[in-house]
>>> print(open('work-v2.cif').read())   # mmCIF, C-alpha atoms
data_start
#
loop_
_atom_site.label_atom_id
_atom_site.label_comp_id
_atom_site.auth_asym_id
_atom_site.auth_seq_id
_atom_site.Cartn_x
_atom_site.Cartn_y
_atom_site.Cartn_z
CA MET A 1 47.25 111.39 -48.93
CA LYS A 2 44.41 108.93 -48.26
CA PHE A 3 41.96 111.80 -47.58
CA PHE A 4 42.94 113.54 -50.83
CA LEU A 5 42.48 110.32 -52.80
CA PHE A 6 39.06 109.71 -51.20
CA SER A 7 37.98 113.26 -52.09
CA ALA A 8 39.00 112.73 -55.70
CA VAL A 9 36.91 109.55 -55.89
CA LEU A 10 33.86 111.40 -54.53
CA LEU A 11 34.34 114.23 -57.00
CA LEU A 12 34.45 111.87 -59.97
CA ALA A 13 31.52 109.86 -58.65
CA SER A 14 29.32 112.95 -58.38
CA THR A 15 29.76 113.80 -62.09
CA ALA A 16 26.63 112.57 -63.90
CA TYR A 17 25.88 112.61 -67.60
CA ALA A 18 22.59 112.75 -69.50
CA GLU A 19 21.20 110.18 -71.89
CA GLU A 20 18.47 111.36 -74.25
CA PHE A 21 15.58 109.42 -75.77
CA PHE A 22 13.93 110.80 -78.89
CA VAL A 23 10.46 110.83 -80.42
CA SER A 24 9.79 107.84 -82.66
CA LYS A 25 6.16 108.59 -83.59
CA ILE A 26 3.68 111.50 -83.57
CA GLU A 27 -0.09 111.03 -83.78
CA VAL A 28 -2.20 114.15 -84.30
CA GLU A 29 -5.80 113.58 -83.13
CA LYS A 30 -6.98 117.19 -83.30
CA GLY A 31 -5.52 119.91 -85.48
CA GLU A 32 -2.61 119.38 -87.84
CA ARG A 33 1.15 119.49 -88.05
CA THR A 34 3.70 120.45 -90.66
CA GLU A 35 5.62 117.67 -92.37
CA GLN A 36 9.17 118.21 -91.17
CA LYS A 37 10.98 115.03 -90.14
CA ILE A 38 10.68 113.84 -86.53
CA ASP A 39 14.47 114.09 -86.27
CA ALA A 40 14.01 117.86 -86.14
CA LEU A 41 12.96 117.47 -82.49
CA GLN A 42 16.24 115.94 -81.34
CA LYS A 43 18.12 119.19 -80.68
CA LYS A 44 17.74 122.94 -80.39
CA ASP A 45 18.10 124.52 -83.83
CA ASN A 46 16.50 127.89 -83.11
CA ALA A 47 16.92 130.81 -80.75
CA ASP A 48 15.10 134.04 -79.90
CA LYS A 49 13.02 135.02 -82.93
CA ASN A 50 15.01 133.06 -85.51
CA ASP A 51 13.19 130.18 -87.23
CA ASN A 52 14.97 127.40 -89.10
CA TRP A 53 12.10 125.71 -90.96
CA ASP A 54 13.78 122.31 -91.06
CA GLY A 55 14.60 122.47 -87.36
CA TYR A 56 11.11 122.47 -85.82
CA ILE A 57 7.56 121.16 -86.27
CA GLU A 58 4.48 123.39 -86.15
CA PHE A 59 1.25 122.21 -84.51
CA ALA A 60 -1.87 124.17 -85.42
CA PRO A 61 -5.33 123.94 -83.82
CA ASN A 62 -8.44 122.82 -85.70
CA ASP A 63 -11.41 125.06 -86.51
CA SER A 64 -12.58 124.77 -82.89
CA GLY A 65 -9.21 125.97 -81.62
CA ASP A 66 -8.19 122.56 -80.26
CA MET A 67 -4.91 120.76 -80.80
CA LEU A 68 -4.09 117.31 -79.44
CA ALA A 69 -1.02 115.27 -80.38
CA ILE A 70 0.57 112.17 -78.86
CA PHE A 71 4.34 111.74 -78.88
CA THR A 72 5.86 108.27 -78.46
CA CYS A 73 9.42 107.83 -77.20
CA LYS A 74 11.17 104.49 -76.93
CA VAL A 75 13.34 104.26 -73.84
CA GLU A 76 15.77 101.50 -72.99
CA ALA A 77 16.98 102.46 -69.51
CA LEU A 78 15.27 105.63 -68.40
CA HIS A 79 16.02 106.28 -64.73
CA SER A 80 13.75 107.86 -62.16
CA SER A 81 15.62 111.15 -62.44
CA GLY A 82 14.30 111.69 -65.96
CA GLU A 83 12.57 114.77 -67.29
CA LEU A 84 10.83 116.01 -70.41
CA GLN A 85 12.93 118.71 -72.07
CA MET A 86 11.37 120.97 -74.72
CA HIS A 87 12.21 124.08 -76.70
CA ILE A 88 9.00 125.72 -77.90
CA LYS A 89 7.64 128.92 -79.36
CA GLY A 90 4.14 130.40 -79.42
CA GLU A 91 1.76 132.55 -77.45
CA SER A 92 2.73 133.31 -73.84
CA PHE A 93 1.40 131.12 -71.05
CA ASP A 94 -1.05 133.87 -70.02
CA SER A 95 -2.57 133.90 -73.52
CA GLN A 96 -2.45 130.19 -74.33
CA GLU A 97 -1.90 127.39 -71.83
CA VAL A 98 -0.41 124.21 -73.25
CA LYS A 99 -0.77 121.09 -71.10
CA PHE A 100 1.47 118.03 -71.16
CA PHE A 101 0.29 114.59 -70.01
CA ILE A 102 1.95 111.17 -69.62
CA ARG A 103 0.19 107.87 -70.26
CA ASN A 104 -0.31 105.54 -67.29
CA PHE A 105 -0.57 102.06 -68.80
CA ASP A 106 -1.85 100.56 -65.54
CA ASN A 107 -5.00 102.67 -65.22
CA LYS A 108 -5.10 103.51 -68.96
CA LYS A 109 -5.30 107.24 -68.30
CA TYR A 110 -3.21 110.29 -69.10
CA GLU A 111 -1.89 112.14 -66.06
CA LEU A 112 -0.82 115.78 -66.01
CA LEU A 113 2.91 116.48 -66.09
CA GLY A 114 2.72 120.25 -66.26
CA ASN A 115 2.19 123.16 -68.62
CA ASN A 116 4.07 125.86 -70.51
CA ILE A 117 4.34 128.29 -67.62
CA GLY A 118 7.30 130.56 -68.26
CA GLN A 119 6.63 130.62 -72.02
CA GLU A 120 7.59 133.99 -73.50
CA SER A 121 5.43 135.37 -76.28
CA TRP A 122 6.85 134.26 -79.63
CA LEU A 123 10.33 133.67 -78.30
CA TRP A 124 11.96 130.26 -78.20
CA THR A 125 11.66 129.11 -74.58
CA ALA A 126 13.11 126.07 -72.81
CA ILE A 127 10.58 124.10 -70.75
CA SER A 128 11.55 121.18 -68.47
CA LEU A 129 9.04 118.95 -66.69
CA PRO A 130 10.08 116.19 -64.23
CA LEU A 131 8.80 112.69 -64.92
CA PRO A 132 7.22 110.51 -62.21
CA LEU A 133 9.69 108.95 -59.78
CA ASN A 134 8.37 105.45 -60.46
CA LEU A 135 8.24 105.05 -64.23
CA THR A 136 7.10 101.43 -64.26
CA PRO A 137 3.37 102.19 -64.83
CA TYR A 138 4.23 104.70 -67.55
CA ARG A 139 6.31 102.41 -69.73
CA ASN A 140 4.63 99.68 -71.74
CA LYS A 141 6.04 96.22 -72.50
CA TYR A 142 7.75 97.64 -75.59
CA ASN A 143 9.63 100.22 -73.47
CA LYS A 144 7.60 103.08 -74.90
CA ILE A 145 6.41 106.22 -73.14
CA LYS A 146 3.56 108.34 -74.52
CA ILE A 147 3.28 112.09 -73.95
CA LYS A 148 0.13 114.01 -74.90
CA ILE A 149 0.11 117.72 -75.76
CA PHE A 150 -3.18 119.59 -75.62
CA PHE A 151 -4.36 123.17 -75.96
CA GLN A 152 -7.76 124.61 -76.80
CA GLN A 153 -9.58 127.77 -77.84
CA ALA A 154 -6.42 128.86 -79.56
CA ASN A 155 -5.87 130.95 -82.65
CA GLU A 156 -2.13 130.46 -82.96
CA PRO A 157 0.03 127.36 -83.52
CA LEU A 158 2.70 125.91 -81.27
CA LEU A 159 6.20 125.45 -82.65
CA ILE A 160 8.36 122.69 -81.15
CA ASP A 161 12.09 122.78 -81.76
CA GLN A 162 13.19 120.12 -79.26
CA PHE A 163 11.27 117.32 -77.54
CA VAL A 164 13.35 114.71 -75.70
CA LEU A 165 13.20 112.57 -72.58
CA SER A 166 16.41 113.02 -70.64
CA SER A 167 17.77 110.70 -67.97
CA LEU A 168 20.60 111.51 -65.56
CA LEU A 169 22.86 108.48 -65.28
CA GLN A 170 25.41 108.06 -62.51
CA PRO A 171 28.67 106.47 -63.68
CA GLU A 172 30.69 104.12 -61.53
CA PRO A 173 33.19 106.06 -59.39
CA LYS A 174 36.71 105.97 -60.76
CA ALA A 175 39.79 107.21 -58.93
CA ASP A 176 42.29 109.42 -60.73
CA PRO A 177 45.18 107.08 -61.70
CA GLU A 178 47.68 109.87 -60.94
CA LEU A 179 46.42 110.00 -57.36
CA ALA A 180 46.25 106.26 -56.84
CA PRO A 181 48.83 104.85 -54.37
CA GLU A 182 51.58 102.62 -55.67
CA PRO A 183 50.71 98.94 -55.36
CA GLU A 184 52.34 97.11 -52.48
CA GLN A 185 55.12 94.67 -53.25
CA ASN A 186 54.06 91.07 -53.08
CA PRO A 187 55.45 89.46 -49.90
CA GLU A 188 57.68 86.41 -50.08
CA PRO A 189 55.55 83.32 -50.64
CA ALA A 190 54.98 81.29 -47.49
CA PRO A 191 56.64 77.85 -47.39
CA ALA A 192 54.37 75.06 -48.47
CA PRO A 193 53.16 72.87 -45.59
CA GLU A 194 54.53 69.37 -45.33
CA PRO A 195 52.21 66.82 -46.91
CA GLU A 196 50.20 64.67 -44.55
CA ALA A 197 51.04 61.00 -44.46
CA ASP A 198 48.76 58.64 -46.28
CA PRO A 199 46.92 56.76 -43.51
CA GLU A 200 46.95 53.59 -45.60
CA LEU A 201 50.75 53.77 -45.79
CA ALA A 202 51.33 54.69 -42.16
CA SER A 203 53.34 52.35 -39.91
CA GLU A 204 51.48 49.70 -37.90
CA PRO A 205 50.10 51.03 -34.60
CA GLU A 206 51.70 49.99 -31.36
CA GLN A 207 50.33 46.76 -29.87
CA ASP A 208 48.01 47.02 -26.88
CA PRO A 209 50.12 45.94 -23.89
CA GLU A 210 47.20 44.08 -22.43
CA LEU A 211 47.05 41.89 -25.50
CA ALA A 212 50.79 41.36 -25.76
CA PRO A 213 52.05 37.70 -25.25
CA GLU A 214 53.68 36.93 -21.94
#
>>> encode(input="work-v2.cif", output="structure tokens")
Amino acid sequence: MKFFLFSAVLLLASTAYAEEFFVSKIEVEKGERTEQKIDALQKKDNADKNDNWDGYIEFAPNDSGDMLAIFTCKVEALHSSGELQMHIKGESFDSQEVKFFIRNFDNKKYELLGNNIGQESWLWTAISLPLPLNLTPYRNKYNKIKIKIFFQQANEPLLIDQFVLSSLLQPEPKADPELAPEPEQNPEPAPAPEPEADPELASEPEQDPELAPE
């Protein structure tokens, strides 16, 4: 019975859930974007070749073929097991590499997270990139993380359907109440100890025989 209960606790403890942090600001430094609301990036609204205009944002390169945009996400308690989750559509990785960088606020540089390898040509594709294990240098004093997207020498835009930072949180282990053992009955209360005598009220000590009168 004890082994079964312990196994149930481990099973519940191993069940993690994800908390997502969304984009709060987009700055386009090269190229341009369509004007859909930022909220469009919070979930997957498209699949395969279907396009829901209100469910994604399009990022197009400038005349030189360059596109650079910075995404800001405010995070309250992002754990080290976080990752960048995206759902994008555009040219295949072989035709157009898209690079993703994260801002290091300590050295004031952007560091490479990864690229769009695995991107299928003009099909909505899920891309996940792990975040650094130690996020302290990448989060500023306002709890914001900045992600930069960059591609160059491109003729086609990039469509982004989802862009979130996801953190796996581990809940406190909880035993199944149906498997919990019945509580033990409270034993009979122990008798209270006898109170000690007040030394100021104690009887007079016996007289020293050597000092006793003859």
>>> resolve_selection(input="work-v2.cif", expression="the PyMOL selection byres ((chain A and resi 67) around 12)", output="ChimeraX atom specification")
/A:27-33,58-66,68-70,96-100,148-158
>>> atom_distance(input="work-v2.cif", atom1="CA of Lys74 (chain A)", atom2="CA of Asn143 (chain A)")
5.7 Å
>>> atom_distance(input="work-v2.cif", atom1="CA of Asp51 (chain A)", atom2="CA of Leu84 (chain A)")
22.1 Å
>>> closest_residue(input="work-v2.cif", among="A:Leu129, A:Cys73, A:Ile102, A:Leu41", to="Asn115 (chain A)", atoms="only C-alpha atoms")
A:Leu129
>>> resolve_selection(input="work-v2.cif", expression="the PyMOL selection byres ((chain A and resi 103) around 6)", output="number ranges by chain")
A: 102, 104, 109-110, 138, 146
>>> write_last_selection(input="work-v2.cif", atoms="C-alpha atoms", output="compact mmCIF listing (two decimals), in the coordinates of the input")
# COMPACT_ATOMS: atom_id res chain seq x y z
CA ILE A 102 1.95 111.17 -69.62
CA ASN A 104 -0.31 105.54 -67.29
CA LYS A 109 -5.30 107.24 -68.30
CA TYR A 110 -3.21 110.29 -69.10
CA TYR A 138 4.23 104.70 -67.55
CA LYS A 146 3.56 108.34 -74.52
>>> closest_atom_pairs(input="work-v2.cif", of="region 33-145 of chain A", to="region 16-25 of chain A", cutoff="6 Å", atoms="all atoms listed in the file", output="Markdown table")
| residue | atom | partner | partner_atom | distance |
| --- | --- | --- | --- | --- |
| A:Phe71 | CA | A:Lys25 | CA | 6.0 |
| A:Thr72 | CA | A:Lys25 | CA | 5.1 |
| A:Cys73 | CA | A:Val23 | CA | 4.5 |
| A:Val75 | CA | A:Phe21 | CA | 5.9 |
>>> resolve_selection(input="work-v2.cif", expression="the PyMOL selection byres ((chain A and resi 48) around 6)", output="ChimeraX atom specification")
/A:47,49-50,123-124
>>> atom_distance(input="work-v2.cif", atom1="CA of Asn134 (chain A)", atom2="CA of Asp39 (chain A)")
27.9 Å
>>> closest_residue(input="work-v2.cif", among="A:Gln42, A:Asn107, A:Gln162, A:Thr34", to="Ile88 (chain A)", atoms="all atoms listed in the file")
A:Gln162
>>> decode(input="work-v2.cif", residues="region 112-127 of chain A", atoms="all heavy atoms", output="compact mmCIF listing (two decimals), in the first residue's frame")
# COMPACT_ATOMS: atom_id res chain seq x y z
N LEU A 112 22.85 34.43 -30.90
CA LEU A 112 22.05 33.57 -31.77
C LEU A 112 21.34 32.48 -30.97
O LEU A 112 21.95 31.77 -30.19
CB LEU A 112 22.95 32.93 -32.84
CG LEU A 112 22.24 32.04 -33.87
CD1 LEU A 112 21.30 32.86 -34.73
CD2 LEU A 112 23.29 31.33 -34.74
N LEU A 113 20.02 32.37 -31.20
CA LEU A 113 19.23 31.29 -30.63
C LEU A 113 19.13 30.11 -31.59
O LEU A 113 19.17 28.95 -31.20
CB LEU A 113 17.81 31.77 -30.28
CG LEU A 113 17.59 32.52 -28.98
CD1 LEU A 113 16.13 32.95 -28.88
CD2 LEU A 113 17.98 31.69 -27.77
N GLY A 114 18.95 30.42 -32.86
CA GLY A 114 18.77 29.38 -33.86
C GLY A 114 18.21 29.98 -35.13
O GLY A 114 18.17 31.19 -35.33
N ASN A 115 17.72 29.09 -36.01
CA ASN A 115 17.16 29.54 -37.28
C ASN A 115 15.89 28.75 -37.60
O ASN A 115 15.35 28.04 -36.74
CB ASN A 115 18.20 29.43 -38.40
CG ASN A 115 18.75 28.01 -38.52
OD1 ASN A 115 18.08 27.04 -38.18
ND2 ASN A 115 19.98 27.89 -38.99
N ASN A 116 15.43 28.90 -38.82
CA ASN A 116 14.17 28.27 -39.24
C ASN A 116 14.39 26.93 -39.92
O ASN A 116 13.61 26.55 -40.80
CB ASN A 116 13.40 29.21 -40.17
CG ASN A 116 14.15 29.52 -41.45
OD1 ASN A 116 15.39 29.57 -41.44
ND2 ASN A 116 13.43 29.73 -42.55
N ILE A 117 15.44 26.22 -39.55
CA ILE A 117 15.66 24.91 -40.14
C ILE A 117 14.45 24.02 -39.88
O ILE A 117 13.88 24.00 -38.79
CB ILE A 117 16.95 24.27 -39.57
CG1 ILE A 117 17.31 23.02 -40.36
CG2 ILE A 117 16.84 23.98 -38.09
CD1 ILE A 117 18.68 22.48 -40.04
N GLY A 118 14.04 23.30 -40.90
CA GLY A 118 12.82 22.51 -40.82
C GLY A 118 11.62 23.21 -41.45
O GLY A 118 10.55 22.61 -41.59
N GLN A 119 11.79 24.49 -41.81
CA GLN A 119 10.70 25.25 -42.44
C GLN A 119 10.35 24.64 -43.78
O GLN A 119 11.19 24.43 -44.65
CB GLN A 119 11.13 26.70 -42.63
CG GLN A 119 10.17 27.54 -43.47
CD GLN A 119 8.87 27.83 -42.76
OE1 GLN A 119 8.89 28.27 -41.63
NE2 GLN A 119 7.75 27.56 -43.41
N GLU A 120 9.06 24.33 -43.98
CA GLU A 120 8.56 23.82 -45.24
C GLU A 120 8.12 24.99 -46.12
O GLU A 120 7.60 25.99 -45.61
CB GLU A 120 7.42 22.84 -45.02
CG GLU A 120 7.81 21.61 -44.21
CD GLU A 120 6.68 20.60 -44.13
OE1 GLU A 120 6.22 20.14 -45.19
OE2 GLU A 120 6.24 20.29 -43.01
N SER A 121 8.32 24.86 -47.40
CA SER A 121 8.02 25.96 -48.32
C SER A 121 6.53 26.26 -48.35
O SER A 121 5.72 25.43 -48.75
CB SER A 121 8.51 25.59 -49.73
OG SER A 121 8.23 26.63 -50.63
N TRP A 122 6.19 27.45 -47.86
CA TRP A 122 4.85 28.00 -47.86
C TRP A 122 3.80 27.07 -47.24
O TRP A 122 2.67 26.98 -47.68
CB TRP A 122 4.44 28.43 -49.28
CG TRP A 122 5.27 29.60 -49.69
CD1 TRP A 122 6.28 29.61 -50.61
CD2 TRP A 122 5.21 30.92 -49.14
NE1 TRP A 122 6.86 30.86 -50.67
CE2 TRP A 122 6.22 31.69 -49.78
CE3 TRP A 122 4.43 31.54 -48.15
CZ2 TRP A 122 6.46 33.03 -49.48
CZ3 TRP A 122 4.66 32.87 -47.87
CH2 TRP A 122 5.66 33.61 -48.52
N LEU A 123 4.26 26.40 -46.18
CA LEU A 123 3.35 25.66 -45.31
C LEU A 123 3.59 26.13 -43.88
O LEU A 123 4.73 26.39 -43.48
CB LEU A 123 3.60 24.15 -45.39
CG LEU A 123 3.20 23.44 -46.68
CD1 LEU A 123 3.59 21.97 -46.61
CD2 LEU A 123 1.71 23.57 -46.95
N TRP A 124 2.52 26.26 -43.12
CA TRP A 124 2.69 26.66 -41.72
C TRP A 124 3.50 25.60 -40.99
O TRP A 124 3.18 24.41 -41.01
CB TRP A 124 1.33 26.85 -41.04
CG TRP A 124 0.60 28.07 -41.52
CD1 TRP A 124 -0.48 28.11 -42.34
CD2 TRP A 124 0.93 29.42 -41.20
NE1 TRP A 124 -0.87 29.41 -42.56
CE2 TRP A 124 -0.01 30.25 -41.88
CE3 TRP A 124 1.91 30.03 -40.44
CZ2 TRP A 124 0.01 31.63 -41.79
CZ3 TRP A 124 1.94 31.40 -40.34
CH2 TRP A 124 1.00 32.19 -41.01
N THR A 125 4.59 26.03 -40.34
CA THR A 125 5.54 25.13 -39.71
C THR A 125 5.81 25.58 -38.28
O THR A 125 6.02 26.76 -38.03
CB THR A 125 6.87 25.10 -40.49
OG1 THR A 125 6.61 24.76 -41.86
CG2 THR A 125 7.83 24.07 -39.90
N ALA A 126 5.79 24.64 -37.36
CA ALA A 126 6.11 24.93 -35.95
C ALA A 126 7.61 24.88 -35.75
O ALA A 126 8.27 23.91 -36.14
CB ALA A 126 5.41 23.94 -35.04
N ILE A 127 8.16 25.93 -35.14
CA ILE A 127 9.58 26.03 -34.84
C ILE A 127 9.73 26.29 -33.34
O ILE A 127 9.10 27.19 -32.80
CB ILE A 127 10.27 27.16 -35.63
CG1 ILE A 127 10.09 26.96 -37.14
CG2 ILE A 127 11.73 27.27 -35.26
CD1 ILE A 127 10.86 25.81 -37.72
